[in-house]
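Trainee: Below are the structure tokens for one structure; questions will follow.
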Amino acid sequence: MKKKITIALSGNPNSGKTTVFNAITGARQHIANYPGVTVEKKYGTVFHKGVEIEVVDLPGTYSLTAYSLEELVARDFLLNEKPDLVVDIVDASNLDRNLYLAIQFKEMGVPLIIALNMIDVAESRGIQVDAKKLSSLLDVPVVPMVARSKKGIEQLLDTIIESASERQDWFPEAISYGMDIDQSLKKITQILEAAGTFSKKYPVRWLALKCLEGDKQVLDLLKKHPDEFAKVTRICKETSKHVMNTLEEDVEGIIADHRYGYIAGITKKAVKRKIETRLNISDQIDKVLTNRLLGPIVMVLILYLVYAFTFWASEAPVGWFEAFFDGLKDIITSIVPPGNLQSLLVSGIIDGVGGVLGFIPLIMLMFFTIAILEDSGYMARIAYMLDRLLRWFGLHGNSVIALIVSGGISGGCAVPGVLATRTLRDPKERITTLLVVPFMNCGAKLPVLAMLIGAFFAKNRARMLFLLTLLSWCFALLAAKLIRSTVLRGPKTPFVMELPPYRLPTLQGLIIHSWERTWHYIKKAGTIILGISVVIWAMMTFPGLSHEQARTFDIQRERLQQAFLAAPGIGKWTRNKQDLEKLDHLYLKYVAAKQKNDTKALEHMEKEPLLKLAKAAYEWKVSPFAAQAMDPKLLSAARRYLDFREEAVNLEIKRHQTALKSTIAGWIGTRLEKVTRPLGFDFRVNIALIGGFAAKEVILSTLGTAYSLGEAPEEKGGSLAQRLRENPLWNPLQAFTLIIFTMLYVPCLATVISIRKETSWRWATFSILFNLAAAYFISLLIRQAGIVLGLGI
Amino acid sequence: MKQVIKMRQMSNNQKGIIKKISATGDMGRRIREMGLVPGAEIQIQGRAPLKDPVAVKIKNYTLTLRNNEASFILVEVEALNTAKE
């Protein structure tokens with residue numbers, strides 16, 4: 001017996017294939033791409049009775065034609081990798097259509113096991129499948145199972161090991177497709193067999209069948225042998241003509257009809273159906289959920305609930321994450337001495353990555369709710385209800401999946417969104433869809449939007465985010481209409497789609513599903529973002545102030561300090577610069593402790609000799625009226641100190657701003673101000689937006705860095721949101737302009753690369769320029785209109 | 001009395017048996033691989049809010065297709081008022 005076997009898992013979408021895969025491999029899963037294409041390849045291993053079984057999860061397909069990437073990938077894998085076995089997951093309640101794929105495996109001749117899944121559902125619908133009979137009729141092992149409750153998994157593994165040790169060879173099944181086609185099939189098979197070269201690698205009868213079906217990939221393969229190609233195409237043409245004349249159908253249709261005939265012959269014997277037409281639960285639910293009036297209302301409601309839930313549930317964990325990273329920063333500030341290293345660690349690395357990772361709970365919950373929609377079957381209803389609408393914009397009902405994955409319910413990612421467009425067969429609809437998906441509010445934009453909403457629209461958070469989602473749909477759809485009526489004009493394609501029965505999603509499935517996507521996001525944040533944060537930190541730190549500039553600031557500071565120390569009544573408290581530094585330190589600590597109401601820290605400070613002055617300064621600042629009662633000498637010293645402090649802080653701000661402007665990023669951002677002034681963006685926003693091209697999350701971290709570097713470091717405390725709110729240049733209109741610009745402008749680097757991989761550099765470049773233009777003009781319109789109307793200023 | 005009409009013309013909840021698929025090429029292939037083949041019993045399940053696409057029950061599952069696709073599927077139905085069944 002072999003020690004290691006490879007099996008391929010195959011089946012229709014919604015046949016429970018993923019559930020079987022999860023049940024077999026558990027957490028031992030890996031994801032990679034099939035070579036050359038971007039179709040996801042999932043695989044995992046399991047040890048059963050001392051045998052290592054490698055399980056490859058093929059894409060879910062209905063057929064094995066050459067017309068969709070998924071089907072081609074599945075086919076190529078079988079032909080090239082020759083797995084020991086194919087396990088076809090078959091939905092027992094939809095046996096006929098599911099066996100259509102199984103028959104095609106038999107035509108290929110690959111060793112097959114049928115996993116007869118969901119027998120419980122079938123039985124509840126009055127369908128009884130005789131597995132033994134089915135097995136003997138099809139001449140393949142049939143394992144009945146209920147993958148959801150892990151029933152039958154053991155038996156399946158047993159059968160896999162048994163079969164793999166028995167049969168190794170491929171036996172293509174000779175099904176009859178009617179006299180005319182059978183004859184042509186025989187002729188072509190003879191020609192191909194005579195050529196010799198094919199039979200080594202491919203099942204020849206299968207190749208012949210594909211020639212008759214007009215399979216593009218197989219015909220291309222044949223073209224390399226011109227003699228055979230000419231002979232074969234002649235036979236195909238003759239057959240096609242003859243069949244069209246006598247039966248008025250094309251060859252492909254007849255072959256399909258015969259396959260179904262063959263299946264019907266089998267199911268007639270192996271399946272007992274109680275005659276019953278009563279609506280099952282799923283149909284009952286659809287009566288409401290896809291109802292002409294109720295359907296759309298419920299849909300909008302469900303989408304809204306997704307937000308409300310996600311935000312409500314993630315609020316606490318997001319806070320914990322933030323607290324964790326703040327704590328980390330405090331620790332590093334106290335360990336590492338001030339200077340470039342501390343700045344790199346705190347402003348570059350922790351601010352950059354921490355700011356992004358802090359949103360993990362939000363993104364994970366969002367993915368979790370999307371997974372519920374997908375796994376429950378509701379996503380397909382959304383596509384069904386919206387198809388007519390989307391078609392008007394030149395898109396396809398299935399485009400909605402790509403749009404939603406990209407962030408249609410906000411919190412997706414345009415990269416899988418671009419990849420999801422592969423379900424669209426028409427290249428024009430596909431390219432249009434992938435060009436507009438970057439307009440959606442992906443998980444990376446979400447933190448940026450959430451921060452700006454939190455800062456300026458805190459009272460209407462959920463409503464505002466909902467509005468932004470609706471806006472992103474409007475922009476995407478209008479852009480699609482524009483593209484489809486200009487650069488990509490053309491007709492529409494078939495929309496035959498299954499509405500899978502509603503199912504209660506399994507927790508394991510949901511967790512694996514949402515964790516996979518979240519992990520993808522973390523990896524992106526961990527690698528790309530860390531790299532970019534460091535690069536951008538460097539751009540924002542070097543070259544920095546020149547020696548003369550630095551000296552000028554030093555001298556000014558020195559003068560301020562000397563003037564304060566020499567002032568009357570101060571010498572009693574502070575005699576030199578060291579004392580002054582101690583006072584500064586104590587004052588900040590006292591303010592922080594007071595604000596946090598940290599009694600322990602306050603008690604701790606009691607012994608400090610300078611506390612009285614710091615306390616007086618604080619009280620004067622908080623409530624000058626109450627402070628009148630203080631000792632006049634103390635009060636005068638406190639006021640002098642506060643005046644000094646204000647000047648010193650202002651000087652420090654000026655120093656940091658000058659420093660930031662004299663860095664590489666400052667140089668670029670300042671140059672761009674000419675173009676971005678009508679939008680109200682200063683050089684700091686420009687820098688952030690430049691960084692955001694690499695990944696949208698960077699906007700947030702860069703703004704954070706820009707504003708913490710640009711202001712006096714000792715006045716820390718307060719989030720970025722707070723800092724923006726207190727900044728006179730920022731108001732709700734300005735925030736909204738930046739929100740819209742962020743939503744629309746260039747797709748992130750990873751998305752551009754995916755677009756390029758799915759299409760060409762031409763479209764990738766088009767995408768960048770198109771989005772940039774859209775962002776600029778729409779935000780310009782919004783800001784200028786806002787100023788004229790006096791809204792949000 | 002039986003008559004053959006296009007699936008598109010069928011009313012909600014009407015039943016019938018597919019007689020012929022007149023679509024070829026990509027559309028014909030897609031329609032067939034989803035199980036819409038001559039001999040299959042179908043029932044119209046409903047229509048989307050904008051009256052298109054149409055949802056069709058076939059055996060134990062539900063498919064959706066656009067009206068212009070349903071035009072290529074010829075269905076034998078009971079003539080006269082069977083729609084109200």
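Order determines the names: the first chain of the structure tokens is A, the second B, and so forth; residues in each chain are numbered 1 upward, and ligands are numbered 1 upward as they are shown.
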May I have the residues within 12 Å of Asp158 in chain A as a list of chain:residue names, using only C-alpha atoms and disregarding those fewer than 2 positions away in the same chain?
Mentor: A:Phe47, A:His48, A:Lys49, A:Gly50, A:Val51, A:Ile53, A:Ile113, A:Pro141, A:Val142, A:Val143, A:Gly152, A:Ile153, A:Glu154, A:Gln155, A:Leu156, A:Ile160, A:Ile161, A:Glu162, A:Ser163, A:Ala164, A:Ser165
Trainee: Please, could you write that set of residues out with N, CA and C atoms as an mmCIF file, in the first residue's frame?
Mentor:
```
data_model
loop_
_atom_site.group_PDB
_atom_site.id
_atom_site.type_symbol
_atom_site.label_atom_id
_atom_site.label_comp_id
_atom_site.auth_asym_id
_atom_site.auth_seq_id
_atom_site.Cartn_x
_atom_site.Cartn_y
_atom_site.Cartn_z
ATOM 1 N N PHE A 47 -3.655 12.418 8.101
ATOM 2 C CA PHE A 47 -3.131 11.063 8.247
ATOM 3 C C PHE A 47 -4.278 10.153 8.651
ATOM 4 N N HIS A 48 -4.462 9.093 7.885
ATOM 5 C CA HIS A 48 -5.527 8.165 8.217
ATOM 6 C C HIS A 48 -4.991 6.746 8.082
ATOM 7 N N LYS A 49 -5.053 5.994 9.185
ATOM 8 C CA LYS A 49 -4.564 4.612 9.207
ATOM 9 C C LYS A 49 -3.156 4.509 8.639
ATOM 10 N N GLY A 50 -2.300 5.437 9.030
ATOM 11 C CA GLY A 50 -0.903 5.368 8.630
ATOM 12 C C GLY A 50 -0.623 5.849 7.220
ATOM 13 N N VAL A 51 -1.636 6.322 6.530
ATOM 14 C CA VAL A 51 -1.404 6.819 5.177
ATOM 15 C C VAL A 51 -1.556 8.333 5.176
ATOM 16 N N ILE A 53 -2.621 11.491 3.392
ATOM 17 C CA ILE A 53 -3.489 11.866 2.277
ATOM 18 C C ILE A 53 -3.377 13.363 2.057
ATOM 19 N N ILE A 113 -14.405 8.600 -6.674
ATOM 20 C CA ILE A 113 -15.259 8.191 -5.564
ATOM 21 C C ILE A 113 -16.356 9.241 -5.476
ATOM 22 N N PRO A 141 -17.188 3.667 -6.201
ATOM 23 C CA PRO A 141 -17.604 3.633 -4.796
ATOM 24 C C PRO A 141 -18.446 4.865 -4.472
ATOM 25 N N VAL A 142 -19.526 4.657 -3.723
ATOM 26 C CA VAL A 142 -20.371 5.775 -3.308
ATOM 27 C C VAL A 142 -20.443 5.779 -1.790
ATOM 28 N N VAL A 143 -20.078 6.901 -1.175
ATOM 29 C CA VAL A 143 -20.114 6.995 0.283
ATOM 30 C C VAL A 143 -21.184 7.999 0.699
ATOM 31 N N GLY A 152 -19.933 10.196 8.169
ATOM 32 C CA GLY A 152 -19.469 9.602 6.922
ATOM 33 C C GLY A 152 -18.056 9.993 6.530
ATOM 34 N N ILE A 153 -17.447 10.922 7.279
ATOM 35 C CA ILE A 153 -16.088 11.351 6.933
ATOM 36 C C ILE A 153 -15.103 10.189 7.090
ATOM 37 N N GLU A 154 -15.244 9.439 8.216
ATOM 38 C CA GLU A 154 -14.371 8.287 8.452
ATOM 39 C C GLU A 154 -14.471 7.275 7.311
ATOM 40 N N GLN A 155 -15.731 6.947 6.965
ATOM 41 C CA GLN A 155 -15.952 5.967 5.893
ATOM 42 C C GLN A 155 -15.345 6.464 4.591
ATOM 43 N N LEU A 156 -15.469 7.780 4.354
ATOM 44 C CA LEU A 156 -14.913 8.349 3.122
ATOM 45 C C LEU A 156 -13.405 8.143 3.087
ATOM 46 N N ILE A 160 -11.255 5.982 0.503
ATOM 47 C CA ILE A 160 -10.173 6.592 -0.273
ATOM 48 C C ILE A 160 -8.944 5.694 -0.243
ATOM 49 N N ILE A 161 -8.580 5.236 0.956
ATOM 50 C CA ILE A 161 -7.380 4.412 1.078
ATOM 51 C C ILE A 161 -7.552 3.084 0.341
ATOM 52 N N GLU A 162 -8.736 2.468 0.521
ATOM 53 C CA GLU A 162 -9.013 1.209 -0.178
ATOM 54 C C GLU A 162 -8.872 1.373 -1.685
ATOM 55 N N SER A 163 -9.584 2.369 -2.211
ATOM 56 C CA SER A 163 -9.615 2.550 -3.660
ATOM 57 C C SER A 163 -8.248 2.887 -4.201
ATOM 58 N N ALA A 164 -7.526 3.737 -3.472
ATOM 59 C CA ALA A 164 -6.233 4.166 -3.978
ATOM 60 C C ALA A 164 -5.270 2.991 -4.078
ATOM 61 N N SER A 165 -5.448 2.001 -3.194
ATOM 62 C CA SER A 165 -4.524 0.872 -3.268
ATOM 63 C C SER A 165 -4.961 -0.121 -4.349
#
```
Trainee: Considering only C-alpha atoms, return as a CSV table (one decimal) with N, CA and C atoms, in the first residue's frame whatever protein or nucleic-acid residues lie within 12 Å of Phe736 in chain A, sequence-local ones (same chain, fewer than 3 positions apart) excluded.
Mentor:
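Saved to around_32.csv:
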```csv
chain,number,residue,atom,x,y,z
A,448,VAL,N,-9.3,54.8,7.9
A,448,VAL,CA,-9.2,56.2,7.6
A,448,VAL,C,-10.6,56.9,7.7
A,449,LEU,N,-11.6,56.3,7.1
A,449,LEU,CA,-12.9,56.9,7.2
A,449,LEU,C,-13.4,56.9,8.6
A,450,ALA,N,-13.2,55.8,9.3
A,450,ALA,CA,-13.7,55.8,10.7
A,450,ALA,C,-13.0,56.8,11.6
A,451,MET,N,-11.7,57.1,11.3
A,451,MET,CA,-11.1,58.1,12.1
A,451,MET,C,-11.7,59.5,11.8
A,452,LEU,N,-11.8,59.8,10.5
A,452,LEU,CA,-12.4,61.1,10.2
A,452,LEU,C,-13.8,61.3,10.6
A,453,ILE,N,-14.6,60.2,10.5
A,453,ILE,CA,-16.0,60.2,11.0
A,453,ILE,C,-16.0,60.4,12.5
A,454,GLY,N,-15.1,59.7,13.2
A,454,GLY,CA,-15.1,59.8,14.6
A,454,GLY,C,-14.7,61.2,15.0
A,455,ALA,N,-13.8,61.9,14.3
A,455,ALA,CA,-13.4,63.2,14.6
A,455,ALA,C,-14.4,64.3,14.3
A,456,PHE,N,-15.2,64.1,13.2
A,456,PHE,CA,-16.0,65.3,12.8
A,456,PHE,C,-17.5,64.9,12.8
A,457,PHE,N,-17.8,63.6,12.7
A,457,PHE,CA,-19.3,63.3,12.6
A,457,PHE,C,-19.6,62.2,13.7
A,464,MET,N,-23.4,57.9,9.0
A,464,MET,CA,-22.4,58.4,8.1
A,464,MET,C,-21.8,57.3,7.3
A,465,LEU,N,-21.4,56.3,8.0
A,465,LEU,CA,-20.7,55.2,7.2
A,465,LEU,C,-21.7,54.6,6.2
A,467,LEU,N,-24.1,56.1,4.7
A,467,LEU,CA,-24.1,57.1,3.6
A,467,LEU,C,-22.9,56.9,2.7
A,468,LEU,N,-21.8,56.8,3.3
A,468,LEU,CA,-20.6,56.6,2.5
A,468,LEU,C,-20.6,55.4,1.6
A,679,LEU,N,-8.6,71.8,-3.0
A,679,LEU,CA,-9.2,70.7,-2.2
A,679,LEU,C,-9.0,71.0,-0.7
A,680,GLY,N,-8.1,72.0,-0.4
A,680,GLY,CA,-7.8,72.3,1.0
A,680,GLY,C,-6.8,71.4,1.6
A,681,PHE,N,-6.1,70.6,0.8
A,681,PHE,CA,-5.1,69.7,1.3
A,681,PHE,C,-3.7,70.4,1.5
A,730,TRP,N,-9.0,72.4,10.0
A,730,TRP,CA,-9.9,71.2,9.8
A,730,TRP,C,-11.3,71.5,10.2
A,731,ASN,N,-12.3,71.2,9.4
A,731,ASN,CA,-13.7,71.3,9.7
A,731,ASN,C,-14.4,70.1,9.1
A,732,PRO,N,-15.7,70.0,9.3
A,732,PRO,CA,-16.4,68.8,8.8
A,732,PRO,C,-16.3,68.8,7.2
A,733,LEU,N,-16.4,70.0,6.6
A,733,LEU,CA,-16.3,70.0,5.1
A,733,LEU,C,-15.0,69.4,4.6
A,739,ILE,N,-12.4,62.4,2.9
A,739,ILE,CA,-13.1,61.1,2.9
A,739,ILE,C,-13.4,60.7,1.4
A,740,ILE,N,-14.0,61.6,0.7
A,740,ILE,CA,-14.4,61.3,-0.7
A,740,ILE,C,-13.2,61.1,-1.6
A,741,PHE,N,-12.1,61.9,-1.4
A,741,PHE,CA,-10.9,61.7,-2.1
A,741,PHE,C,-10.3,60.4,-1.8
A,742,THR,N,-10.3,60.0,-0.6
A,742,THR,CA,-9.7,58.7,-0.2
A,742,THR,C,-10.5,57.6,-0.8
A,743,MET,N,-11.8,57.7,-0.8
A,743,MET,CA,-12.7,56.7,-1.4
A,743,MET,C,-12.4,56.4,-2.8
A,778,ILE,N,-14.4,65.2,-8.3
A,778,ILE,CA,-15.6,65.1,-7.4
A,778,ILE,C,-15.3,65.7,-6.1
A,779,SER,N,-14.1,65.6,-5.5
A,779,SER,CA,-13.8,66.2,-4.2
A,779,SER,C,-13.8,67.7,-4.4
A,780,LEU,N,-13.3,68.2,-5.6
A,780,LEU,CA,-13.2,69.6,-5.9
A,780,LEU,C,-14.6,70.2,-5.8
A,781,LEU,N,-15.5,69.5,-6.5
A,781,LEU,CA,-16.9,69.9,-6.6
A,781,LEU,C,-17.5,70.0,-5.2
A,782,ILE,N,-17.3,68.9,-4.4
A,782,ILE,CA,-17.9,68.9,-3.1
A,782,ILE,C,-17.4,70.0,-2.2
A,783,ARG,N,-16.1,70.3,-2.2
A,783,ARG,CA,-15.5,71.3,-1.3
A,783,ARG,C,-16.0,72.7,-1.8
A,784,GLN,N,-15.9,72.9,-3.1
A,784,GLN,CA,-16.3,74.3,-3.5
A,784,GLN,C,-17.8,74.5,-3.3
A,786,GLY,N,-19.6,73.1,-1.0
A,786,GLY,CA,-19.7,73.3,0.4
A,786,GLY,C,-19.4,74.7,0.9
A,791,LEU,N,-21.7,75.0,4.1
A,791,LEU,CA,-22.0,73.8,4.8
A,791,LEU,C,-20.7,73.2,5.5
A,792,GLY,N,-20.9,72.9,6.7
A,792,GLY,CA,-19.8,72.2,7.4
A,792,GLY,C,-18.5,72.9,7.6
A,793,ILE,N,-18.6,74.3,7.6
A,793,ILE,CA,-17.3,75.0,7.7
A,793,ILE,C,-17.1,75.4,9.2
```
Trainee: DSSP on the backbone, strand (DSSP E or B) only: what residues of range 45-285 of chain A does that give? Format it as a ChimeraX atom specification.
Mentor: /A:45-48,51-57,85-91,112-117,127-129,142-144,146,151,271-273
Trainee: Selected residues, N, CA and C atoms, written as an mmCIF file, in the first residue's frame, please.
Mentor:
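Printed below is part_8.cif as written:
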```cif
data_model
loop_
_atom_site.group_PDB
_atom_site.id
_atom_site.type_symbol
_atom_site.label_atom_id
_atom_site.label_comp_id
_atom_site.auth_asym_id
_atom_site.auth_seq_id
_atom_site.Cartn_x
_atom_site.Cartn_y
_atom_site.Cartn_z
ATOM 1 N N THR A 45 -3.428 18.332 4.466
ATOM 2 C CA THR A 45 -3.087 16.923 4.585
ATOM 3 C C THR A 45 -3.771 16.316 5.799
ATOM 4 N N VAL A 46 -3.974 15.009 5.721
ATOM 5 C CA VAL A 46 -4.546 14.303 6.848
ATOM 6 C C VAL A 46 -3.885 12.919 6.898
ATOM 7 N N PHE A 47 -3.655 12.418 8.101
ATOM 8 C CA PHE A 47 -3.131 11.063 8.247
ATOM 9 C C PHE A 47 -4.278 10.153 8.651
ATOM 10 N N HIS A 48 -4.462 9.093 7.885
ATOM 11 C CA HIS A 48 -5.527 8.165 8.217
ATOM 12 C C HIS A 48 -4.991 6.746 8.082
ATOM 13 N N VAL A 51 -1.636 6.322 6.530
ATOM 14 C CA VAL A 51 -1.404 6.819 5.177
ATOM 15 C C VAL A 51 -1.556 8.333 5.176
ATOM 16 N N GLU A 52 -0.611 9.001 4.497
ATOM 17 C CA GLU A 52 -0.699 10.447 4.398
ATOM 18 C C GLU A 52 -1.538 10.794 3.171
ATOM 19 N N ILE A 53 -2.621 11.491 3.392
ATOM 20 C CA ILE A 53 -3.489 11.866 2.277
ATOM 21 C C ILE A 53 -3.377 13.363 2.057
ATOM 22 N N GLU A 54 -2.922 13.727 0.869
ATOM 23 C CA GLU A 54 -2.910 15.151 0.540
ATOM 24 C C GLU A 54 -4.190 15.473 -0.214
ATOM 25 N N VAL A 55 -4.931 16.451 0.303
ATOM 26 C CA VAL A 55 -6.219 16.797 -0.290
ATOM 27 C C VAL A 55 -6.101 18.134 -1.013
ATOM 28 N N VAL A 56 -6.394 18.141 -2.313
ATOM 29 C CA VAL A 56 -6.392 19.386 -3.071
ATOM 30 C C VAL A 56 -7.840 19.764 -3.361
ATOM 31 N N ASP A 57 -8.217 20.960 -2.953
ATOM 32 C CA ASP A 57 -9.584 21.415 -3.137
ATOM 33 C C ASP A 57 -9.695 22.118 -4.491
ATOM 34 N N LEU A 85 -6.842 9.943 -6.996
ATOM 35 C CA LEU A 85 -8.294 9.798 -6.931
ATOM 36 C C LEU A 85 -8.961 11.161 -7.050
ATOM 37 N N VAL A 86 -10.177 11.148 -7.593
ATOM 38 C CA VAL A 86 -11.004 12.346 -7.482
ATOM 39 C C VAL A 86 -12.179 11.995 -6.583
ATOM 40 N N VAL A 87 -12.414 12.814 -5.561
ATOM 41 C CA VAL A 87 -13.610 12.633 -4.752
ATOM 42 C C VAL A 87 -14.596 13.706 -5.190
ATOM 43 N N ASP A 88 -15.693 13.270 -5.792
ATOM 44 C CA ASP A 88 -16.682 14.215 -6.277
ATOM 45 C C ASP A 88 -17.780 14.350 -5.216
ATOM 46 N N ILE A 89 -17.912 15.540 -4.668
ATOM 47 C CA ILE A 89 -18.956 15.756 -3.668
ATOM 48 C C ILE A 89 -20.263 16.023 -4.406
ATOM 49 N N VAL A 90 -21.235 15.181 -4.132
ATOM 50 C CA VAL A 90 -22.491 15.240 -4.860
ATOM 51 C C VAL A 90 -23.617 15.548 -3.881
ATOM 52 N N ASP A 91 -24.430 16.529 -4.203
ATOM 53 C CA ASP A 91 -25.570 16.885 -3.370
ATOM 54 C C ASP A 91 -26.701 15.900 -3.651
ATOM 55 N N LEU A 112 -12.502 7.506 -9.509
ATOM 56 C CA LEU A 112 -13.488 8.393 -8.899
ATOM 57 C C LEU A 112 -14.131 7.758 -7.672
ATOM 58 N N ILE A 113 -14.405 8.600 -6.674
ATOM 59 C CA ILE A 113 -15.259 8.191 -5.564
ATOM 60 C C ILE A 113 -16.356 9.241 -5.476
ATOM 61 N N ILE A 114 -17.585 8.785 -5.268
ATOM 62 C CA ILE A 114 -18.645 9.767 -5.103
ATOM 63 C C ILE A 114 -19.009 9.887 -3.633
ATOM 64 N N ALA A 115 -18.899 11.117 -3.123
ATOM 65 C CA ALA A 115 -19.328 11.375 -1.753
ATOM 66 C C ALA A 115 -20.738 11.924 -1.837
ATOM 67 N N LEU A 116 -21.685 11.092 -1.445
ATOM 68 C CA LEU A 116 -23.093 11.460 -1.557
ATOM 69 C C LEU A 116 -23.470 12.285 -0.337
ATOM 70 N N ASN A 117 -23.369 13.588 -0.495
ATOM 71 C CA ASN A 117 -23.502 14.486 0.657
ATOM 72 C C ASN A 117 -24.947 14.930 0.869
ATOM 73 N N ILE A 127 -36.594 12.328 -0.864
ATOM 74 C CA ILE A 127 -35.759 11.674 -1.866
ATOM 75 C C ILE A 127 -34.912 10.617 -1.178
ATOM 76 N N GLN A 128 -35.023 9.378 -1.661
ATOM 77 C CA GLN A 128 -34.195 8.338 -1.073
ATOM 78 C C GLN A 128 -33.260 7.776 -2.117
ATOM 79 N N VAL A 129 -31.953 7.893 -1.822
ATOM 80 C CA VAL A 129 -30.966 7.423 -2.783
ATOM 81 C C VAL A 129 -30.408 6.099 -2.293
ATOM 82 N N VAL A 142 -19.526 4.657 -3.723
ATOM 83 C CA VAL A 142 -20.371 5.775 -3.308
ATOM 84 C C VAL A 142 -20.443 5.779 -1.790
ATOM 85 N N VAL A 143 -20.078 6.901 -1.175
ATOM 86 C CA VAL A 143 -20.114 6.995 0.283
ATOM 87 C C VAL A 143 -21.184 7.999 0.699
ATOM 88 N N PRO A 144 -22.259 7.522 1.331
ATOM 89 C CA PRO A 144 -23.272 8.481 1.793
ATOM 90 C C PRO A 144 -22.742 9.244 3.000
ATOM 91 N N VAL A 146 -23.128 13.093 5.705
ATOM 92 C CA VAL A 146 -23.659 14.402 6.061
ATOM 93 C C VAL A 146 -22.465 15.176 6.585
ATOM 94 N N LYS A 151 -20.760 13.215 9.637
ATOM 95 C CA LYS A 151 -21.172 11.831 9.459
ATOM 96 C C LYS A 151 -20.617 11.331 8.134
ATOM 97 N N VAL A 271 -32.935 6.057 -7.330
ATOM 98 C CA VAL A 271 -33.557 7.079 -6.497
ATOM 99 C C VAL A 271 -35.051 6.858 -6.398
ATOM 100 N N LYS A 272 -35.539 6.879 -5.167
ATOM 101 C CA LYS A 272 -36.984 6.803 -4.966
ATOM 102 C C LYS A 272 -37.464 8.176 -4.550
ATOM 103 N N ARG A 273 -38.426 8.690 -5.298
ATOM 104 C CA ARG A 273 -38.931 10.020 -4.985
ATOM 105 C C ARG A 273 -40.376 9.915 -4.574
#
```
Trainee: Between A:Arg684, A:Lys224, A:Arg388, A:Lys600, which residue has the minimum interatomic distance to chain B, considering only C-alpha atoms?
Mentor: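 Ranked by minimum distance to chain B, first place goes to A:Arg388.
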Trainee: Please list as JSON, numbers by chain every residue within 10 Å of Lys20 in chain B, counting only C-alpha atoms and excluding residues in the same chain fewer than 2 positions away.
Mentor: {"A": [249], "B": [4, 6, 17, 18, 22, 23, 36, 37, 38, 39, 72, 73, 74, 75, 76]}
Trainee: Which of these residues is nearest to chain A, using only C-alpha atoms: B:Asn12, B:Gln43, B:Arg66, B:Lys57?
Mentor: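 Using only C-alpha atoms, chain A sits closest to B:Arg66.
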